[in-house]
Structure formats: structure tokens, C-alpha cells
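Enquirer: Before we start, here is the structure in question, set down as C-alpha cells.
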Amino acid sequence: MNVSRIYFSPTGTTDKITGQVAEGLGGTVKDYNITLLKDRAKFKGLTFNSTDVVIVGVPVYSGRIPAFLSEIFSTLKGDGTLAIFTVMYGHRNYDDALLELKNIFEARGFKGIAAGAFIGEHSFTEKVATGRPDADDLSMALKFGKDCSVALKKLESNGKYELNVKGNFPYKERSQSQPMAPQTNDSCNNCGICAENCPVEAIDFKDFRKVDAEKCIRCCSCIKKCPENAKAFNNDAFAKSVQWLMTNCTSVRKEPELFMLSSH
Ligand SMILES: Cc1cc2nc3c(=O)[nH]c(=O)nc-3n(C[C@H](O)[C@H](O)[C@H](O)COP(=O)(O)O)c2cc1C
Ligand code: SF4
Ligand code: SF4
């Protein structure tokens, strides 16, 4: 079994969960980390065949998959390639993201066999879904991978299968908000880590304080990765979103939701 892992993960939670799923699945795993722009360019046009199994993982942005990923996804091609779809969300809701991911890949020659919505610490604040995925989440993801491996072995080549996941079509409208960019304070030591890790190259490579608000997707990679805590969104709209999340999304612990193939 040739296992490939395709994932986008600015703050690392999608990486952790898809890594566990891959480990549970077993076999040799080839990683396609599409977090950085240069790697998305490199991995454009990848093709997979019927002996490949692909694990796809993306974070949920506004109840959907991150919009700009459609560009690379629309260049990938499967040929009856079996796929496991995963989304990571920050304890609000994953809305239609899992269905959207499944539909995009199934339209391109992949066949879903399992899917999961997992919880990761919210990109905007460490106060929502703090420390998730935690040890329980990770062992669930590992077991999910093992269950997928068992399910794969039982698949009959000519059987009729259908993977059903939660979500609605037409998909939820993405919320439109004003362009914004993180500010940089005086603790900045010009290490460049933020610019190297920005998924859309919104941070100037020569002046790390200069951020293009039109490009910024608010992934918070620069904020969470800065060793000096020098970057932050300091505007009212962002503070209001964080406040809303803390009020509405912290009371009850949510658990991962898993979907397996049913045959008929
Ligand atoms: C722009 C943006 C929008 C987000 N929208 C949602 C959302 O609709 N629902 C939710 O529960 N979490 C949302 N999140 C939180 C992320 O889905 C979550 O923190 C995820 O674990 C991040 O994945 P990563 O660590 O791989 O970057 C959003 C995060 C960002 C940056
Ligand atoms: S990661 Fe932080 S300290 Fe390093 S250049 Fe960026 S803002 Fe400055
Ligand atoms: S500048 Fe914006 S897009 Fe780039 S890492 Fe920071 S939050 Fe993410």
C-alpha cells in the first residue's frame, strides 16, 4: 500500500492528526505538505493511481475548506484512488468543510473510504480548544487510521460503496471581512521565522514588520511561531471574534466525529 499524506497546516494541528492517521494506517507514507506557497507550486499536478491511498487534511476556515486551496486541489488527479478525508476545526463547528473536501476530491478521481472531523486549538487564541489535539484526540486518530486499514483489506474491488459525511450543499457562505494584518512590536529580533512560515508570503522577506493585509489569511502561524511573541492582531474586529469564541465555544467539550464507508 502506497500511502500519501496531503496536508495544509499553518499552526500544526492538522499535521499532528493526519500524522497519527497515517501511522495507524501503516505502510510507507509519502508526505505532501502544501502549507507553503513554494511547496504548493512544487506539488501542482500530482497524479495518483489505483494502488495509492491518500490522506487529505485541512483546517476549517469559516465553515469551509480554505478558499485558496482550490487552486492546487483542482490540479490533482486520482484514478479510482482511495482517500481518507480529515478536517480540523477550532471547537466552533466544521459546518460543510468535510463534505466540500470530499466532493472536490471525488470529482477528481478519488474515492472516499473514511472521513473525520477533529478538534484543534483555535488559530486565533490558545483559550479555545486549548492544547487540542490532546492525548485522547491523538489516540483516536491513531485508532481511526488502524480501522481504515482493516476496512481497506475488506474492500471488494467490484463492490458498491458510499461514504456519507455531515454537511450541506449549497455550502455555507464564507464570511466576508475587512483585510487585516498582524502588527509587530519592539521585541522582534528579525529572525525571519514568521516570513519563512507564512503560507501566502504576506510578510516581507526583507522587512518582517511589513505585512500585506490583502494577502493575509489570518492563519496565525506568524503569531504562534514567533519566538519573541512579537506579532499579534491588535484590532477591534479580531478581538471581538476572539471574545465571541470564548463566550460561545468553550463550555462543552466536543469530540472528533468519524465517518466510515457503508456498503450496499
Ligand atoms: C481564518 C480562520 C477561520 C477559522 N474558522 C473556523 C470555523 O469556522 N470553525 C472552527 O471551529 N474553527 C475555525 N478556525 C480554527 C481552525 O480551524 C483550527 O484552529 C485548526 O485546528 C487550525 O489548523 P492548523 O493548526 O492545521 O492550522 C478558523 C481559523 C482561521 C485561521
Ligand atoms: S518571528 Fe517574531 S521575532 Fe522573528 S522576525 Fe518575525 S516577528 Fe520578528
Ligand atoms: S501574515 Fe497572515 S497569513 Fe501570514 S502567517 Fe501571519 S496571519 Fe498567517
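Numbering starts fresh at 1 for the residues of each chain in the C-alpha cells, the chains themselves are lettered A, B, ... in the order given, and ligands are numbered from 1 as they appear.
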Report the closest atom pair, with its distance in Å rounded to one decimal, for each residue of chain A that has an atom no farther than 8 Å from ligand 1; count only C-alpha atoms and all ligand atoms, sort by chain and then rising residue number, and write it as CSV.
Expert:
residue,atom,partner,partner_atom_place_in_ligand_line,distance
A:Phe8,CA,ligand 1,26 (O),6.3
A:Ser9,CA,ligand 1,26 (O),3.3
A:Pro10,CA,ligand 1,27 (O),3.9
A:Thr11,CA,ligand 1,25 (O),3.6
A:Gly12,CA,ligand 1,25 (O),4.1
A:Thr13,CA,ligand 1,25 (O),3.6
A:Thr14,CA,ligand 1,26 (O),3.7
A:Asp15,CA,ligand 1,26 (O),6.0
A:Val58,CA,ligand 1,26 (O),6.5
A:Pro59,CA,ligand 1,23 (O),4.3
A:Val60,CA,ligand 1,17 (O),4.0
A:Tyr61,CA,ligand 1,3 (C),3.5
A:Ser62,CA,ligand 1,8 (O),3.4
A:Gly63,CA,ligand 1,8 (O),3.9
A:Arg64,CA,ligand 1,8 (O),6.9
A:Pro66,CA,ligand 1,1 (C),7.9
A:Val87,CA,ligand 1,17 (O),7.9
A:Met88,CA,ligand 1,21 (O),4.7
A:Tyr89,CA,ligand 1,17 (O),3.6
A:Gly90,CA,ligand 1,12 (N),3.5
A:His91,CA,ligand 1,11 (O),4.3
A:Arg92,CA,ligand 1,11 (O),3.5
A:Asn93,CA,ligand 1,11 (O),4.2
A:Tyr94,CA,ligand 1,9 (N),5.3
A:Asp95,CA,ligand 1,8 (O),7.3
A:Phe118,CA,ligand 1,21 (O),7.9
A:Ile119,CA,ligand 1,21 (O),6.0
A:Gly120,CA,ligand 1,21 (O),3.5
A:Glu121,CA,ligand 1,19 (O),4.9
A:His122,CA,ligand 1,19 (O),3.2
A:Ser123,CA,ligand 1,19 (O),4.0
A:Phe124,CA,ligand 1,31 (C),6.3
A:Arg132,CA,ligand 1,21 (O),7.9
A:Ile217,CA,ligand 1,1 (C),6.0
A:Arg218,CA,ligand 1,31 (C),5.0
A:Cys219,CA,ligand 1,31 (C),3.7
A:Cys220,CA,ligand 1,31 (C),6.2
A:Ser221,CA,ligand 1,27 (O),7.2
Enquirer: Give me the residues near A:Glu214 as an mmCIF file with all heavy atoms, in the first residue's frame, where near means some atom within 12 Å (using only C-alpha atoms) and where sequence neighbours in that chain fewer than 4 positions away do not count.
Expert:
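Written output follows (result04.cif):
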data_model
loop_
_atom_site.group_PDB
_atom_site.id
_atom_site.type_symbol
_atom_site.label_atom_id
_atom_site.label_comp_id
_atom_site.auth_asym_id
_atom_site.auth_seq_id
_atom_site.Cartn_x
_atom_site.Cartn_y
_atom_site.Cartn_z
ATOM 1 N N SER A 177 -14.789 39.538 5.515
ATOM 2 C CA SER A 177 -14.371 40.545 6.493
ATOM 3 C C SER A 177 -13.285 41.439 5.909
ATOM 4 O O SER A 177 -12.658 41.096 4.906
ATOM 5 C CB SER A 177 -13.918 39.884 7.787
ATOM 6 O OG SER A 177 -13.322 38.656 7.510
ATOM 7 N N GLN A 178 -13.087 42.562 6.560
ATOM 8 C CA GLN A 178 -12.108 43.549 6.095
ATOM 9 C C GLN A 178 -10.704 42.946 6.118
ATOM 10 O O GLN A 178 -10.376 42.188 7.025
ATOM 11 C CB GLN A 178 -12.120 44.756 7.045
ATOM 12 C CG GLN A 178 -13.385 45.589 6.975
ATOM 13 C CD GLN A 178 -13.636 46.105 5.561
ATOM 14 O OE1 GLN A 178 -12.741 46.694 4.950
ATOM 15 N NE2 GLN A 178 -14.824 45.853 5.039
ATOM 16 N N PRO A 179 -9.873 43.302 5.128
ATOM 17 C CA PRO A 179 -8.479 42.855 5.175
ATOM 18 C C PRO A 179 -7.820 43.329 6.471
ATOM 19 O O PRO A 179 -8.110 44.430 6.944
ATOM 20 C CB PRO A 179 -7.832 43.567 3.975
ATOM 21 C CG PRO A 179 -8.951 43.926 3.072
ATOM 22 C CD PRO A 179 -10.162 44.124 3.947
ATOM 23 N N MET A 180 -7.010 42.478 7.060
ATOM 24 C CA MET A 180 -6.261 42.887 8.256
ATOM 25 C C MET A 180 -4.907 42.165 8.286
ATOM 26 O O MET A 180 -4.737 41.140 7.622
ATOM 27 C CB MET A 180 -7.052 42.642 9.543
ATOM 28 C CG MET A 180 -7.472 41.235 9.798
ATOM 29 S SD MET A 180 -8.243 41.015 11.422
ATOM 30 C CE MET A 180 -9.962 41.385 11.109
ATOM 31 N N ALA A 181 -3.986 42.726 9.035
ATOM 32 C CA ALA A 181 -2.655 42.125 9.120
ATOM 33 C C ALA A 181 -2.158 42.231 10.553
ATOM 34 O O ALA A 181 -2.494 43.181 11.259
ATOM 35 C CB ALA A 181 -1.701 42.868 8.190
ATOM 36 N N PRO A 182 -1.357 41.271 10.976
ATOM 37 C CA PRO A 182 -0.817 41.351 12.333
ATOM 38 C C PRO A 182 0.211 42.487 12.468
ATOM 39 O O PRO A 182 0.903 42.807 11.508
ATOM 40 C CB PRO A 182 -0.135 39.997 12.532
ATOM 41 C CG PRO A 182 0.081 39.448 11.168
ATOM 42 C CD PRO A 182 -0.926 40.063 10.258
ATOM 43 N N VAL A 200 1.138 32.299 2.650
ATOM 44 C CA VAL A 200 0.793 33.070 1.443
ATOM 45 C C VAL A 200 1.833 34.162 1.140
ATOM 46 O O VAL A 200 1.588 35.046 0.322
ATOM 47 C CB VAL A 200 -0.625 33.694 1.580
ATOM 48 C CG1 VAL A 200 -1.700 32.619 1.528
ATOM 49 C CG2 VAL A 200 -0.763 34.497 2.879
ATOM 50 N N GLU A 201 2.977 34.090 1.813
ATOM 51 C CA GLU A 201 4.068 35.063 1.632
ATOM 52 C C GLU A 201 3.568 36.498 1.759
ATOM 53 O O GLU A 201 3.884 37.372 0.948
ATOM 54 C CB GLU A 201 4.790 34.815 0.305
ATOM 55 C CG GLU A 201 5.437 33.443 0.307
ATOM 56 C CD GLU A 201 6.364 33.141 -0.874
ATOM 57 O OE1 GLU A 201 6.481 33.978 -1.778
ATOM 58 O OE2 GLU A 201 6.961 32.046 -0.862
ATOM 59 N N ALA A 202 2.788 36.721 2.819
ATOM 60 C CA ALA A 202 2.264 38.069 3.069
ATOM 61 C C ALA A 202 3.276 38.931 3.826
ATOM 62 O O ALA A 202 3.141 40.149 3.885
ATOM 63 C CB ALA A 202 0.966 37.978 3.875
ATOM 64 N N ILE A 203 4.294 38.295 4.437
ATOM 65 C CA ILE A 203 5.276 39.040 5.234
ATOM 66 C C ILE A 203 6.507 39.316 4.373
ATOM 67 O O ILE A 203 7.060 38.385 3.761
ATOM 68 C CB ILE A 203 5.668 38.242 6.505
ATOM 69 C CG1 ILE A 203 4.408 37.926 7.324
ATOM 70 C CG2 ILE A 203 6.701 39.006 7.345
ATOM 71 C CD1 ILE A 203 4.630 37.008 8.509
ATOM 72 N N ARG A 218 -5.045 35.304 7.886
ATOM 73 C CA ARG A 218 -5.278 35.252 9.340
ATOM 74 C C ARG A 218 -5.047 33.861 9.937
ATOM 75 O O ARG A 218 -5.730 33.454 10.889
ATOM 76 C CB ARG A 218 -6.710 35.696 9.656
ATOM 77 C CG ARG A 218 -6.823 37.172 9.712
ATOM 78 C CD ARG A 218 -8.230 37.571 9.888
ATOM 79 N NE ARG A 218 -8.798 37.917 8.592
ATOM 80 C CZ ARG A 218 -10.027 38.322 8.408
ATOM 81 N NH1 ARG A 218 -10.852 38.385 9.421
ATOM 82 N NH2 ARG A 218 -10.444 38.649 7.219
#
Enquirer: Which one of A:Glu255, A:Asp236, A:Asp186, A:Asp96 sits closest to ligand 2 if you count only C-alpha atoms and all ligand atoms?
Expert: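 Residue with the minimum atom-to-atom distance to ligand 2: A:Asp186.
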Enquirer: Taking the backbone alone, and naming residues the way the document does, which bits of stretch 73-123 of chain A are alpha helix (DSSP H) by DSSP, as a list in words?
Expert: Phe73, Ala97, Leu98, Leu99, Glu100, Leu101, Lys102, Asn103, Ile104, Phe105 and Glu106 of chain A
Enquirer: Let me make sure I understand: among A:Val165, A:Leu245, A:Ala114, A:Glu196, which one has the smallest atom-to-atom distance to A:Ala141 if we use only C-alpha atoms?
Expert: A:Ala114
Enquirer: Ligand 2: which residues are within 7 Å, counting only C-alpha atoms and all ligand atoms, as a list in words?
Expert: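 Selection of residues at most 7 Å from ligand 2: Thr184, Ser187, Cys188, Asn189, Asn190, Cys191, Gly192, Ile193, Cys194, Ala195, Phe208, Arg209, Cys222, Lys225, Cys226, Pro227, Glu228, Asn229, Ala230 and Lys231 of chain A.
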Enquirer: Out of A:Lys127, A:Lys154, A:Lys210, A:Lys240, which residue has the shortest atom-to-atom distance to ligand 3 when counting only C-alpha atoms and all ligand atoms?
Expert: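 Smallest distance to ligand 3 is found for A:Lys210.
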Enquirer: Which residue, A:Leu25, A:Thr35, A:Thr47, A:Val242, has the smallest gap to ligand 3 when you use only C-alpha atoms and all ligand atoms?
Expert: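 Residue with the minimum atom-to-atom distance to ligand 3: A:Thr35.
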Enquirer: Quick one, how far is atom CA of A:Leu163 from atom CA of A:Leu261?
Expert: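 These two atoms are separated by 4.7 Å.
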Enquirer: May I have all residues of stretch 7-96 of chain A that DSSP, computed from the backbone, assigns to strand (DSSP E), given as a list in words?
Expert: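 So the strand (DSSP E) residues in stretch 7-96 of chain A would be Tyr7, Thr28, Val29, Lys30, Asp31, Tyr32, Asn33, Asp52, Val53, Val54, Ile55, Val56, Gly57, Val58, Pro59, Thr81, Leu82, Ala83, Ile84, Phe85, Thr86, Val87, Met88 and Tyr89 of chain A.
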Enquirer: Between A:Asn103, A:Thr28, A:Gln20, A:Thr86, which is the closest to A:Pro170 once you count only C-alpha atoms?
Expert: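 Looking at the shortest contact to A:Pro170, the residue is A:Asn103.
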Enquirer: For a test of reading the model, state the distance in Å between atom CA of A:Ile72 and atom CA of A:Ala115, rounded to one decimal.
Expert: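 Rounded to one decimal, the two atoms are 20.5 Å apart.
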Enquirer: Any idea what the distance is between atom CA of A:Ala83 and atom CA of A:Gly112?
Expert: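 Going from atom CA of A:Ala83 over to atom CA of A:Gly112 covers 4.7 Å.
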Enquirer: Applying 10 Å and only C-alpha atoms, which residues near A:Phe43 remain after dropping the ones on its own chain fewer than 2 positions away? List them as number ranges by chain.
Expert: A: 6, 32-34, 38-41, 45-47, 72-73, 75-76
